[in-house]
Amino acid sequence: MSSATDRSPSPAADADSTIVRGRPTPKWEPYLGWGYLVILILATGFLLWFPSSATAYSVSLALIVLMTISLATSWNYLSGFGGYTSFGHAGFFGIGSYTGGLLLHYERVSWIPAVVIAGLGAGVLALLIGYPVLRLRGPYFAIAMLAFSELCRVLVTAWDSLTLGGRGVYLPILRFQREEDGASAWDRFGVQVHNNQNYYAMLVLAIVAVAIAYAIGTSRFGLELLAIRDDEVAAQAMGIQTTRVKLTAFGLSAIFPAAAGAIYARQVGYIDPPTVFLVIWSIRSIATAILGGQGTILGPIIGAVVLTLVSERVWETDPNLYQVIFGGLIVVVVLFMPGGLIALLQNRGILPRSRRL
Amino acid sequence: MDTLQVILSGLLLGGVYALFAAGLNMIFGVMRVINLAHGELMMLGAYITFFLFSQAGVNPLLSIPLSAAALLVLGVILQFTLVERVVNQPLLSSLLLTFGLSTLMMGIALNLWTSNFRSVAWSPLTGSWDVFGLAVSKSRLVAFGIALLVTGGTYLFLQKSTFGKAIRATSQHPEVAQICGIDVRRVRLATFGLGSAMAAISGSLIAMIFTISPEMGRMFIGKAFAIIVLGGLGSFTGAFIGALALGTSETLAAYWTDTQLAEAVAYAVLLLVLLIRPSGLFGRAGSGA
Amino acid sequence: MSGVVLDVRGVSKRFGGIQAVNDASLAIREGIVTGVIGPNGSGKSTLFNLVTGLDHPDSGEIHFNGRDIAQLGPDRINRLGIGRTFQLTRLFGKMTVHENLIVVSRSGRREAGERAMELLGSLGLSGLWNEYAENLSYGQQKLVEFLRLSVSDPSLILLDEPFAGVNPVMEQKLLAQLHAWIAAGKTVLLTDHEMAIMMELCQEIFVLDQGEVIAHGAPEAVRADERVMEAYFGR
C-alpha cells in the first residue's frame with residue numbers, strides 16, 4: 001500500500017494520487033498489539049499490588065484517579081465517540097450514590113450488590129429516558145441532560161421520606177463511628193480495610209470501563225458511533241441504526257458513574273444532594289475526557305492521572321481554585337488542543353495513529 | 001386575591017427573566033453559539049451593583065448603566081479573544097468553551113467573594129406598594145419596569161435601526177449578510193457585547209430582589225434555556241412570553257408547594273418542551289430534533 | 001415492460017411558505033436508468049429526501065416494491081434496498097476511506113474489510129484506503145461515495161447530481177461504475193444538470209418544475225416538449 005504524496009494536477013494521475021491536504025493518515029501498528037498488552041498487564045499488576053505498600057492517603061488518592069478514569073471513560077462512550085455531549089453525568093453519579101447509599105443505610109444488602117444494583121439501575125434508567133432524549137440533536141441534548149441532572153437533584157432533595165432529603169445520608173461506617181461514644185479516634189484498621197476494599201472496587205470498575213472502551217474503539221460499533229458524530233443523517237441514510245447505537249452507548253455510559261457514585265458514598269460515609277449531584281462531577285468527567293482526547297481509549301486514563309494529580313495539589317493549597325483550574329483547562333483544550341493530549345502526541349509522531357489508543 | 005398577587009409577582013419576575021433570556025437568544029441567533037457563561041455574566045452585573053451599593057453607597061438604579069457598560073466591554077473582549085475562534089466550528093466546541101468559561105468565572109468569583117449570600121437592601125425599594133388592593137413588591141415592580149424598558153428598547157433597536165437590521169440579517173443568513181456588505185465580525189462583537197450588557201442589567205435588577213451568590217449563574221442559565229426552548233429558539237416575542245410564563249409558574253409553585261420544587265419547575269418545563277415540541281411555541285420548525 | 005419498483009403518488013411537501021413538491025407522481029421502472037431533471041429549485045433534492053426518508057411528505061404515498069415507505073426512517077429505508085449519494089459529498093471525514101466502507105457494511109468485520117478493498121481496487125483507488133476521507137479530492141470523494149453505496153448492495157440507487165463539478169477523467173470512472181450497476185440489474189434514479197449525459201444515459205426522464213411533474217417520457221420526447229423548453233428557457 002504505497003502512498004506517495006503526489007500532488008500532480010494531471011488528470012490521469014488523479015484517481016491514484018494520494019494525499020491532497022492536511023493530516024497524515026492513521027496506521028495500524030501490528031506490533032502495538034504486543035507492547036500494548038505487556039504494558040497493560042504490568043500496569044494492572046502494579047495497581048493490584050499498590051495498596052499493600054502505600055499509605056492510606058495515597059490509596060485514597062489513587063481511588064480518586066481510578067474513579068475519574070471510570071467517569072471520563074464512560075462519558076466518552078456517547079459523548080466522545082458519538083459526539084453527543086452530555087452534561088448529565090453528574091445526574092447518574094448522584095443517582096448511583098443515592099441508590100447505593102440508601103441500600104446500605106437501610107441495610108438491605110451488603111455493599112457489593114449495592115454497587116452493582118446502583119450501576120445497572122442507572123443503566124436501565126438511561127435506556128428509558130434515552131429513547132426520547134436522544135432524538136434531540138447536539139446542543140439540545142446537552143441542555144436536556146443538564147436539566148435532567150438538576151431535576152434529579154431537586155427531586156432527591158424533595159422526596160425526603162425516602163431519601164432523607166437535605167439532611168443527607170449517613171452510611172454504616174460513619175454511623176458506626178458515631179454510635180461508639182468515646183471512640184475518639186478512627187478505628188484505624190477498620191478504615192484501612194474499607195479504604196482498600198473501595199480501592200479494589202474502583203479498580204475493577206475502571207478496568208471494566210476501559211475494557212468496554214477498547215471493545216468499542218476497535219469494533220464496528222465504535223465506527224458507527226464515529227459516523228454518527230461525523231454526520232448522523234448520512235449515517236442513517238447508509239443504513240446505520242443510529243437510535244439503537246446511541247441507546248446502547250448511552251445505557252453503558254450511565255452504569256459507571258452510578259456504580260462509582262455508590263462506591264464513593266461508601267468511601268466518604270456521608271452524602272447529600274448538593275454534594276453528589278454537584279455539577280463538578282460532570283465537569284470532571286468532561287475535562288478529563290477532552291484533556292486526554294475525546295473518542296480515545298487511553299485519553300481518559302492519561303487525563304485522569306494528570307488532572308487528579310494537579311487538582312489534588314491545588315485542593316491542598318486553595319479549594320476554590322479547583323473550579324478555576326478545571327474551567328480554564330476546558331477553555332484551553334477547546335481552543336488549542338481540541339483532540340486532547342493523545343492527538344497532540346500523535347501529531348508529534350510520539351504515538352502512532354491507531355484506533356487502539 | 002392571594003393567588004392573584006402571587007401571579008402578579010411571578011409576572012414581574014418574568015420580565016427580568018425575559019431580559020436575561022433575550023440576550024442569550026440574540027447571541028445564539030447571530031453566532032449559533034450557546035453561551036453557557038451567560039449566567040456568570042449576569043452574576044457579575046449583580047456583584048457590580050452590590051459592591052457599588054455596599055462600598056460606595058451608590059443607588060442601585062444608578063449602578064445599572066455602570067454594570068451594563070462594564071459587561072459590554074467584557075463581552076466584547078471575550079468575544080474577540082475567545083468566542084470568535086469557535087464560531088465556525090461545530091456547536092460542540094462553543095458549548096464546551098462557554099461551559100469552561102462559566103466554570104472559570106464562577107471559580108474566580110467564589111475565590112474573590114466566597115460563597116456567602118449577599119444582598120442589596122435599599123430602603124426606597126423595600127416593602128410593597130398597594131396597587132388596586134394587591135400588595136406589589138416595590139423592587140419587583142421597578143425591576144420589571146426597567147427590564148421592560150431595556151427589552152423593548154432592544155426590540156425597537158433590532159427592528160428599526162440600521163445596525164439592528166444588520167444584526168437580524170446576520171442571524172438569518174450570515175453568508176448572505178456578508179455578501180451584502182455587512183461586517184459580520186463587527187456584528188458578532190457587538191451582539192456578544194450587547195447580550196452581556198443585557199445579562200448584566202438583569203443581574204443588577206435581580207440583586208435588588210433576591211440575595212446573590214457566585215453560584216447564581218448556574219440557576220438562572222437553566223431558567224433561560226427553559227424560556228428560550230419554550231418560546232422557541234430565535235423568537236424574541238416567544239422568549240418574552242415564555243419568560244412571563246416561567247416566572248408565574250415558578251412563583252405559583254413556590255407558593256403552593258415548597259421552594260425546592262419551584263426550582264424544579266424550570267427544568268421540568270425544559271425537558272417537557274424538548275421532548276414534546278422542541279421548536280417551542282413560536283420557534284422556527286426544525287430547530288430541535 | 002418491467003415492473004414499477006418505486007411508486008410515488010401525489011406527493012407534496014411544504015417548507016414554511018414554499019411548496020417544494022406539489023402533487024408529484026413518478027413511477028420508476030425496474031432495471032433501467034430514470035432521470036429527473038428540472039431547473040434549480042424545482043424540487044429534485046426534496047423529492048430525493050422524501051424517497052430516502054430524510055424527510056416525510058405532507059401528503060401522498062410512496063411505495064417501494066409494493067411497500068409503503070413514506071413514513072419510515074432513513075436507516076430502515078436503506079435496509080429495504082434503497083441507496084443514495086448526496087449532492088455535496090457526505091463521507092465520514094474523520095474516518096479513513098477503508099473505515100467508511102466498513103462501517104456501512106452488514107457482514108462480518110473480515111468480510112467487510114475484504115469487500116472494501118475489492119471495491120477500491122475496482123476503481124483503482126486502492127492506494128487511498130488509509131487516508132482520512134476529508135483529505136480526499138472532491139472527485140475522489142464522489143467515487144468513494146459511490147463505492148460506499150454499493151457496499152450494502154441496494155436494488156434501487158438514487159444519485160443526486162453525481163457529475164457536478166467533476167473532471168472528465170473522474171466522469172469516466174463514475175460512468176463506468178454506473179454501467180456496472182445497470183449490468184447487474186439495478187435500478188438507477190438520477191438527477192443532474194449535465195443534459196448530454198442525461199439524455200444519453202436515461203431511458204426515461206421526468207421533468208420537474210416548481211415542484212410539479214410537467215413532463216415525462218423518453219429523452220427525445222421530453223427534449224422536444226414545449227413545456228420543458230419553457231421551464232428552462234422560457235419564463
# chains A, B, ... in the order shown; residues from 1 in each chain; ligands from 1
$ select_by_dssp --residues "stretch 123-233 of chain C" --states "helix (DSSP H, G or I)" --output "ChimeraX atom specification"
/C:126-128,133-135,138-151,168-183,195-201,219-224,226-233
$ residues_around --residues "C:Ala24" --least-positions-apart "2" --cutoff "6 Å" --atoms "only C-alpha atoms" --output "PDB file with N, CA and C atoms, in the first residue's frame"
ATOM      1  N   GLY C  10     -48.797  11.498  -5.944  1.00  0.00           N
ATOM      2  CA  GLY C  10     -49.426  12.688  -5.381  1.00  0.00           C
ATOM      3  C   GLY C  10     -48.715  13.247  -4.156  1.00  0.00           C
ATOM      4  N   VAL C  11     -47.411  13.215  -4.207  1.00  0.00           N
ATOM      5  CA  VAL C  11     -46.647  13.619  -3.024  1.00  0.00           C
ATOM      6  C   VAL C  11     -46.459  15.127  -2.977  1.00  0.00           C
ATOM      7  N   ASN C  22     -45.141  19.564  -5.257  1.00  0.00           N
ATOM      8  CA  ASN C  22     -46.580  19.778  -5.349  1.00  0.00           C
ATOM      9  C   ASN C  22     -47.282  18.670  -6.126  1.00  0.00           C
ATOM     10  N   GLU C 212     -43.641  20.459  -9.482  1.00  0.00           N
ATOM     11  CA  GLU C 212     -44.611  19.623 -10.194  1.00  0.00           C
ATOM     12  C   GLU C 212     -43.954  18.874 -11.331  1.00  0.00           C
ATOM     13  N   VAL C 213     -44.522  17.718 -11.638  1.00  0.00           N
ATOM     14  CA  VAL C 213     -44.021  16.959 -12.785  1.00  0.00           C
ATOM     15  C   VAL C 213     -44.696  17.524 -14.026  1.00  0.00           C
TER      16      VAL C 213
END
$ residues_around --residues "B:Ala243" --least-positions-apart "4" --cutoff "9 Å" --atoms "only C-alpha atoms" --output "number ranges by chain"
B: 11, 13-19, 21, 223-224, 226-228, 230-231, 238-239, 247-248
$ closest_atom_pairs --of "chain C" --to "chain A" --cutoff "8 Å" --atoms "only C-alpha atoms" --output "JSON lines"
{"residue": "C:Thr52", "atom": "CA", "partner": "A:Ala237", "partner_atom": "CA", "distance": 7.2}
{"residue": "C:Gly53", "atom": "CA", "partner": "A:Ala237", "partner_atom": "CA", "distance": 7.9}
{"residue": "C:Leu54", "atom": "CA", "partner": "A:Val233", "partner_atom": "CA", "distance": 7.5}
{"residue": "C:Pro74", "atom": "CA", "partner": "A:Ala237", "partner_atom": "CA", "distance": 5.0}
{"residue": "C:Asp75", "atom": "CA", "partner": "A:Gly239", "partner_atom": "CA", "distance": 4.0}
{"residue": "C:Arg76", "atom": "CA", "partner": "A:Gly239", "partner_atom": "CA", "distance": 6.6}
{"residue": "C:Ile77", "atom": "CA", "partner": "A:Gly239", "partner_atom": "CA", "distance": 7.6}
{"residue": "C:Asn78", "atom": "CA", "partner": "A:Gly239", "partner_atom": "CA", "distance": 4.9}
{"residue": "C:Arg79", "atom": "CA", "partner": "A:Gly239", "partner_atom": "CA", "distance": 5.7}
{"residue": "C:Gly83", "atom": "CA", "partner": "A:Met238", "partner_atom": "CA", "distance": 6.9}
{"residue": "C:Arg84", "atom": "CA", "partner": "A:Ala237", "partner_atom": "CA", "distance": 7.4}
{"residue": "C:Arg90", "atom": "CA", "partner": "A:Ala234", "partner_atom": "CA", "distance": 6.4}
{"residue": "C:Leu91", "atom": "CA", "partner": "A:Ala234", "partner_atom": "CA", "distance": 7.6}
{"residue": "C:Phe92", "atom": "CA", "partner": "A:Asp230", "partner_atom": "CA", "distance": 5.5}
{"residue": "C:Gly93", "atom": "CA", "partner": "A:Asp230", "partner_atom": "CA", "distance": 6.7}
{"residue": "C:Lys94", "atom": "CA", "partner": "A:Asp230", "partner_atom": "CA", "distance": 7.0}
{"residue": "C:Met95", "atom": "CA", "partner": "A:Leu226", "partner_atom": "CA", "distance": 7.7}
{"residue": "C:Thr96", "atom": "CA", "partner": "A:Thr25", "partner_atom": "CA", "distance": 7.8}
{"residue": "C:Glu99", "atom": "CA", "partner": "A:Leu223", "partner_atom": "CA", "distance": 7.3}
{"residue": "C:Ile102", "atom": "CA", "partner": "A:Arg220", "partner_atom": "CA", "distance": 7.6}
{"residue": "C:Val103", "atom": "CA", "partner": "A:Leu223", "partner_atom": "CA", "distance": 5.9}
{"residue": "C:Val104", "atom": "CA", "partner": "A:Met238", "partner_atom": "CA", "distance": 6.1}
{"residue": "C:Arg109", "atom": "CA", "partner": "A:Arg220", "partner_atom": "CA", "distance": 7.4}
{"residue": "C:Gly124", "atom": "CA", "partner": "A:Asp16", "partner_atom": "CA", "distance": 6.6}
{"residue": "C:Leu125", "atom": "CA", "partner": "A:Asp16", "partner_atom": "CA", "distance": 5.9}
{"residue": "C:Ser126", "atom": "CA", "partner": "A:Met1", "partner_atom": "CA", "distance": 7.5}
{"residue": "C:Gly127", "atom": "CA", "partner": "A:Met1", "partner_atom": "CA", "distance": 5.8}
{"residue": "C:Leu128", "atom": "CA", "partner": "A:Thr18", "partner_atom": "CA", "distance": 6.1}
{"residue": "C:Asn130", "atom": "CA", "partner": "A:Thr25", "partner_atom": "CA", "distance": 6.2}
{"residue": "C:Glu131", "atom": "CA", "partner": "A:Thr25", "partner_atom": "CA", "distance": 5.2}
{"residue": "C:Tyr132", "atom": "CA", "partner": "A:Thr25", "partner_atom": "CA", "distance": 6.1}
{"residue": "C:Asn135", "atom": "CA", "partner": "A:Arg21", "partner_atom": "CA", "distance": 5.5}
{"residue": "C:Leu136", "atom": "CA", "partner": "A:Val20", "partner_atom": "CA", "distance": 6.1}
{"residue": "C:Ser137", "atom": "CA", "partner": "A:Val20", "partner_atom": "CA", "distance": 6.3}
{"residue": "C:Gln140", "atom": "CA", "partner": "A:Ala15", "partner_atom": "CA", "distance": 6.4}
{"residue": "C:Leu149", "atom": "CA", "partner": "A:Met238", "partner_atom": "CA", "distance": 7.1}
{"residue": "C:Asn167", "atom": "CA", "partner": "A:Pro11", "partner_atom": "CA", "distance": 7.8}
{"residue": "C:Val169", "atom": "CA", "partner": "A:Pro11", "partner_atom": "CA", "distance": 6.3}
{"residue": "C:Met170", "atom": "CA", "partner": "A:Ala15", "partner_atom": "CA", "distance": 7.4}
$ write_last_selection --atoms "N, CA and C atoms" --output "mmCIF file, in the first residue's frame"
data_model
loop_
_atom_site.group_PDB
_atom_site.id
_atom_site.type_symbol
_atom_site.label_atom_id
_atom_site.label_comp_id
_atom_site.auth_asym_id
_atom_site.auth_seq_id
_atom_site.Cartn_x
_atom_site.Cartn_y
_atom_site.Cartn_z
ATOM 1 N N THR C 52 -35.947 8.837 0.282
ATOM 2 C CA THR C 52 -34.979 8.135 1.125
ATOM 3 C C THR C 52 -35.228 8.320 2.612
ATOM 4 N N GLY C 53 -36.312 8.967 2.964
ATOM 5 C CA GLY C 53 -36.686 9.029 4.371
ATOM 6 C C GLY C 53 -36.047 10.147 5.179
ATOM 7 N N LEU C 54 -35.284 11.015 4.531
ATOM 8 C CA LEU C 54 -34.682 12.122 5.278
ATOM 9 C C LEU C 54 -35.727 13.163 5.624
ATOM 10 N N PRO C 74 -34.738 6.882 7.561
ATOM 11 C CA PRO C 74 -33.751 6.613 6.504
ATOM 12 C C PRO C 74 -33.004 5.298 6.664
ATOM 13 N N ASP C 75 -32.719 4.898 7.900
ATOM 14 C CA ASP C 75 -31.953 3.661 8.014
ATOM 15 C C ASP C 75 -32.798 2.457 7.638
ATOM 16 N N ARG C 76 -34.075 2.524 7.980
ATOM 17 C CA ARG C 76 -34.982 1.451 7.610
ATOM 18 C C ARG C 76 -35.086 1.340 6.093
ATOM 19 N N ILE C 77 -35.241 2.499 5.457
ATOM 20 C CA ILE C 77 -35.382 2.521 4.011
ATOM 21 C C ILE C 77 -34.124 1.988 3.334
ATOM 22 N N ASN C 78 -32.984 2.342 3.878
ATOM 23 C CA ASN C 78 -31.747 1.836 3.297
ATOM 24 C C ASN C 78 -31.687 0.324 3.415
ATOM 25 N N ARG C 79 -32.129 -0.183 4.544
ATOM 26 C CA ARG C 79 -32.103 -1.630 4.724
ATOM 27 C C ARG C 79 -33.086 -2.358 3.832
ATOM 28 N N GLY C 83 -30.376 2.915 -1.895
ATOM 29 C CA GLY C 83 -29.137 3.582 -1.516
ATOM 30 C C GLY C 83 -29.045 4.920 -2.213
ATOM 31 N N ARG C 84 -28.249 5.841 -1.669
ATOM 32 C CA ARG C 84 -28.169 7.147 -2.322
ATOM 33 C C ARG C 84 -26.819 7.816 -2.136
ATOM 34 N N ARG C 90 -21.013 13.491 1.385
ATOM 35 C CA ARG C 90 -21.105 13.392 2.836
ATOM 36 C C ARG C 90 -20.440 12.131 3.323
ATOM 37 N N LEU C 91 -19.157 12.085 3.143
ATOM 38 C CA LEU C 91 -18.420 10.953 3.700
ATOM 39 C C LEU C 91 -18.162 11.236 5.169
ATOM 40 N N PHE C 92 -17.734 10.221 5.891
ATOM 41 C CA PHE C 92 -17.398 10.425 7.291
ATOM 42 C C PHE C 92 -15.948 10.880 7.334
ATOM 43 N N GLY C 93 -15.786 12.193 7.414
ATOM 44 C CA GLY C 93 -14.471 12.811 7.231
ATOM 45 C C GLY C 93 -13.372 12.344 8.147
ATOM 46 N N LYS C 94 -13.708 12.111 9.419
ATOM 47 C CA LYS C 94 -12.648 11.775 10.359
ATOM 48 C C LYS C 94 -12.332 10.277 10.378
ATOM 49 N N MET C 95 -12.889 9.559 9.438
ATOM 50 C CA MET C 95 -12.574 8.132 9.348
ATOM 51 C C MET C 95 -11.871 7.886 8.030
ATOM 52 N N THR C 96 -11.108 6.816 7.972
ATOM 53 C CA THR C 96 -10.404 6.537 6.723
ATOM 54 C C THR C 96 -11.383 6.011 5.676
ATOM 55 N N GLU C 99 -12.441 2.593 6.513
ATOM 56 C CA GLU C 99 -13.431 2.568 7.588
ATOM 57 C C GLU C 99 -14.800 3.027 7.100
ATOM 58 N N ILE C 102 -16.312 0.071 5.621
ATOM 59 C CA ILE C 102 -16.626 -0.996 6.569
ATOM 60 C C ILE C 102 -17.852 -0.661 7.408
ATOM 61 N N VAL C 103 -17.934 0.578 7.841
ATOM 62 C CA VAL C 103 -18.959 0.924 8.818
ATOM 63 C C VAL C 103 -20.383 0.726 8.285
ATOM 64 N N VAL C 104 -20.533 0.833 6.955
ATOM 65 C CA VAL C 104 -21.884 0.681 6.427
ATOM 66 C C VAL C 104 -22.180 -0.755 6.021
ATOM 67 N N ARG C 109 -16.675 -8.411 10.155
ATOM 68 C CA ARG C 109 -15.561 -7.479 10.005
ATOM 69 C C ARG C 109 -14.588 -7.879 8.899
ATOM 70 N N GLY C 124 -9.505 1.535 -9.011
ATOM 71 C CA GLY C 124 -8.112 1.986 -8.978
ATOM 72 C C GLY C 124 -7.815 2.901 -7.809
ATOM 73 N N LEU C 125 -8.539 2.753 -6.731
ATOM 74 C CA LEU C 125 -8.347 3.660 -5.593
ATOM 75 C C LEU C 125 -7.679 2.977 -4.406
ATOM 76 N N SER C 126 -7.103 1.803 -4.641
ATOM 77 C CA SER C 126 -6.555 1.050 -3.516
ATOM 78 C C SER C 126 -5.572 1.850 -2.683
ATOM 79 N N GLY C 127 -4.836 2.718 -3.334
ATOM 80 C CA GLY C 127 -3.830 3.478 -2.601
ATOM 81 C C GLY C 127 -4.421 4.424 -1.558
ATOM 82 N N LEU C 128 -5.706 4.685 -1.662
ATOM 83 C CA LEU C 128 -6.309 5.649 -0.745
ATOM 84 C C LEU C 128 -6.888 5.036 0.514
ATOM 85 N N ASN C 130 -6.127 4.080 3.368
ATOM 86 C CA ASN C 130 -5.837 4.501 4.723
ATOM 87 C C ASN C 130 -5.887 6.018 4.914
ATOM 88 N N GLU C 131 -6.381 6.733 3.902
ATOM 89 C CA GLU C 131 -6.455 8.186 4.019
ATOM 90 C C GLU C 131 -7.717 8.592 4.746
ATOM 91 N N TYR C 132 -7.620 9.667 5.518
ATOM 92 C CA TYR C 132 -8.835 10.228 6.104
ATOM 93 C C TYR C 132 -9.714 10.752 4.970
ATOM 94 N N ASN C 135 -9.493 14.249 3.563
ATOM 95 C CA ASN C 135 -8.307 14.676 2.821
ATOM 96 C C ASN C 135 -8.392 14.399 1.339
ATOM 97 N N LEU C 136 -9.406 13.676 0.923
ATOM 98 C CA LEU C 136 -9.505 13.325 -0.492
ATOM 99 C C LEU C 136 -9.953 14.499 -1.337
ATOM 100 N N SER C 137 -9.607 14.444 -2.616
ATOM 101 C CA SER C 137 -10.083 15.470 -3.532
ATOM 102 C C SER C 137 -11.581 15.235 -3.757
ATOM 103 N N GLN C 140 -12.388 12.272 -5.901
ATOM 104 C CA GLN C 140 -12.144 11.023 -5.190
ATOM 105 C C GLN C 140 -13.262 10.747 -4.193
ATOM 106 N N LEU C 149 -21.988 3.344 -1.295
ATOM 107 C CA LEU C 149 -23.376 2.987 -1.518
ATOM 108 C C LEU C 149 -23.513 1.567 -2.022
ATOM 109 N N ASN C 167 -14.196 16.372 -13.020
ATOM 110 C CA ASN C 167 -13.428 16.481 -14.264
ATOM 111 C C ASN C 167 -13.666 15.269 -15.169
ATOM 112 N N VAL C 169 -11.933 12.848 -16.479
ATOM 113 C CA VAL C 169 -11.405 11.525 -16.128
ATOM 114 C C VAL C 169 -12.276 10.875 -15.063
ATOM 115 N N MET C 170 -12.602 11.652 -14.063
ATOM 116 C CA MET C 170 -13.440 11.169 -12.979
ATOM 117 C C MET C 170 -14.808 10.786 -13.514
#
$ interface_residues --of "chain C" --to "chain B" --cutoff "12 Å" --atoms "only C-alpha atoms" --output "PyMOL selection string"
chain C and resi 14-16+55
$ select_by_dssp --residues "stretch 43-209 of chain C" --states "strand (DSSP E or B)" --output "ChimeraX atom specification"
/C:59-64,67-68,82-84,96,132,156-160,187-191,204-209
$ write_last_selection --atoms "N, CA and C atoms" --output "compact mmCIF listing (two decimals), in the first residue's frame"
# COMPACT_ATOMS: atom_id res chain seq x y z
N SER C 59 -48.39 14.95 2.18
CA SER C 59 -49.50 14.13 1.68
C SER C 59 -48.98 13.31 0.52
N GLY C 60 -49.72 12.28 0.18
CA GLY C 60 -49.31 11.43 -0.93
C GLY C 60 -48.73 10.13 -0.42
N GLU C 61 -48.37 9.25 -1.35
CA GLU C 61 -47.85 7.95 -0.97
C GLU C 61 -46.58 7.62 -1.70
N ILE C 62 -45.74 6.87 -1.05
CA ILE C 62 -44.52 6.37 -1.70
C ILE C 62 -44.43 4.88 -1.42
N HIS C 63 -44.40 4.10 -2.50
CA HIS C 63 -44.29 2.66 -2.34
C HIS C 63 -43.06 2.13 -3.02
N PHE C 64 -42.34 1.29 -2.31
CA PHE C 64 -41.14 0.67 -2.85
C PHE C 64 -41.38 -0.83 -2.87
N ARG C 67 -44.31 -1.73 -0.97
CA ARG C 67 -44.35 -1.43 0.46
C ARG C 67 -44.38 0.06 0.71
N ASP C 68 -45.21 0.48 1.64
CA ASP C 68 -45.35 1.90 1.94
C ASP C 68 -44.16 2.40 2.76
N ILE C 82 -32.73 0.69 -0.69
CA ILE C 82 -32.54 1.94 -1.44
C ILE C 82 -31.26 2.61 -0.96
N GLY C 83 -30.38 2.92 -1.90
CA GLY C 83 -29.14 3.58 -1.52
C GLY C 83 -29.05 4.92 -2.21
N ARG C 84 -28.25 5.84 -1.67
CA ARG C 84 -28.17 7.15 -2.32
C ARG C 84 -26.82 7.82 -2.14
N THR C 96 -11.11 6.82 7.97
CA THR C 96 -10.40 6.54 6.72
C THR C 96 -11.38 6.01 5.68
N TYR C 132 -7.62 9.67 5.52
CA TYR C 132 -8.83 10.23 6.10
C TYR C 132 -9.71 10.75 4.97
N LEU C 156 -32.23 -0.30 -5.57
CA LEU C 156 -32.58 0.98 -6.18
C LEU C 156 -31.54 2.00 -5.74
N ILE C 157 -30.96 2.67 -6.71
CA ILE C 157 -29.89 3.62 -6.40
C ILE C 157 -30.28 5.01 -6.82
N LEU C 158 -30.21 5.95 -5.88
CA LEU C 158 -30.52 7.34 -6.18
C LEU C 158 -29.23 8.16 -6.20
N LEU C 159 -28.98 8.83 -7.31
CA LEU C 159 -27.77 9.64 -7.42
C LEU C 159 -28.15 11.10 -7.55
N ASP C 160 -27.69 11.90 -6.59
CA ASP C 160 -28.04 13.32 -6.58
C ASP C 160 -26.90 14.13 -7.19
N THR C 187 -31.70 -0.76 -10.42
CA THR C 187 -32.49 0.36 -10.92
C THR C 187 -31.81 1.64 -10.48
N VAL C 188 -31.66 2.56 -11.40
CA VAL C 188 -30.97 3.80 -11.06
C VAL C 188 -31.88 5.00 -11.31
N LEU C 189 -31.92 5.87 -10.33
CA LEU C 189 -32.68 7.12 -10.48
C LEU C 189 -31.68 8.24 -10.26
N LEU C 190 -31.51 9.06 -11.28
CA LEU C 190 -30.53 10.11 -11.05
C LEU C 190 -31.00 11.47 -11.52
N THR C 191 -30.37 12.48 -10.96
CA THR C 191 -30.68 13.83 -11.34
C THR C 191 -29.37 14.56 -11.59
N GLU C 204 -35.73 6.86 -19.42
CA GLU C 204 -36.95 7.60 -19.17
C GLU C 204 -36.60 8.84 -18.36
N ILE C 205 -37.31 9.91 -18.62
CA ILE C 205 -36.99 11.15 -17.90
C ILE C 205 -38.25 11.79 -17.37
N PHE C 206 -38.16 12.28 -16.13
CA PHE C 206 -39.24 13.07 -15.55
C PHE C 206 -38.75 14.50 -15.44
N VAL C 207 -39.61 15.43 -15.78
CA VAL C 207 -39.20 16.83 -15.67
C VAL C 207 -39.99 17.51 -14.56
N LEU C 208 -39.24 18.13 -13.66
CA LEU C 208 -39.89 18.85 -12.57
C LEU C 208 -39.76 20.34 -12.77
N ASP C 209 -40.79 21.05 -12.41
CA ASP C 209 -40.67 22.49 -12.40
C ASP C 209 -41.52 23.03 -11.27
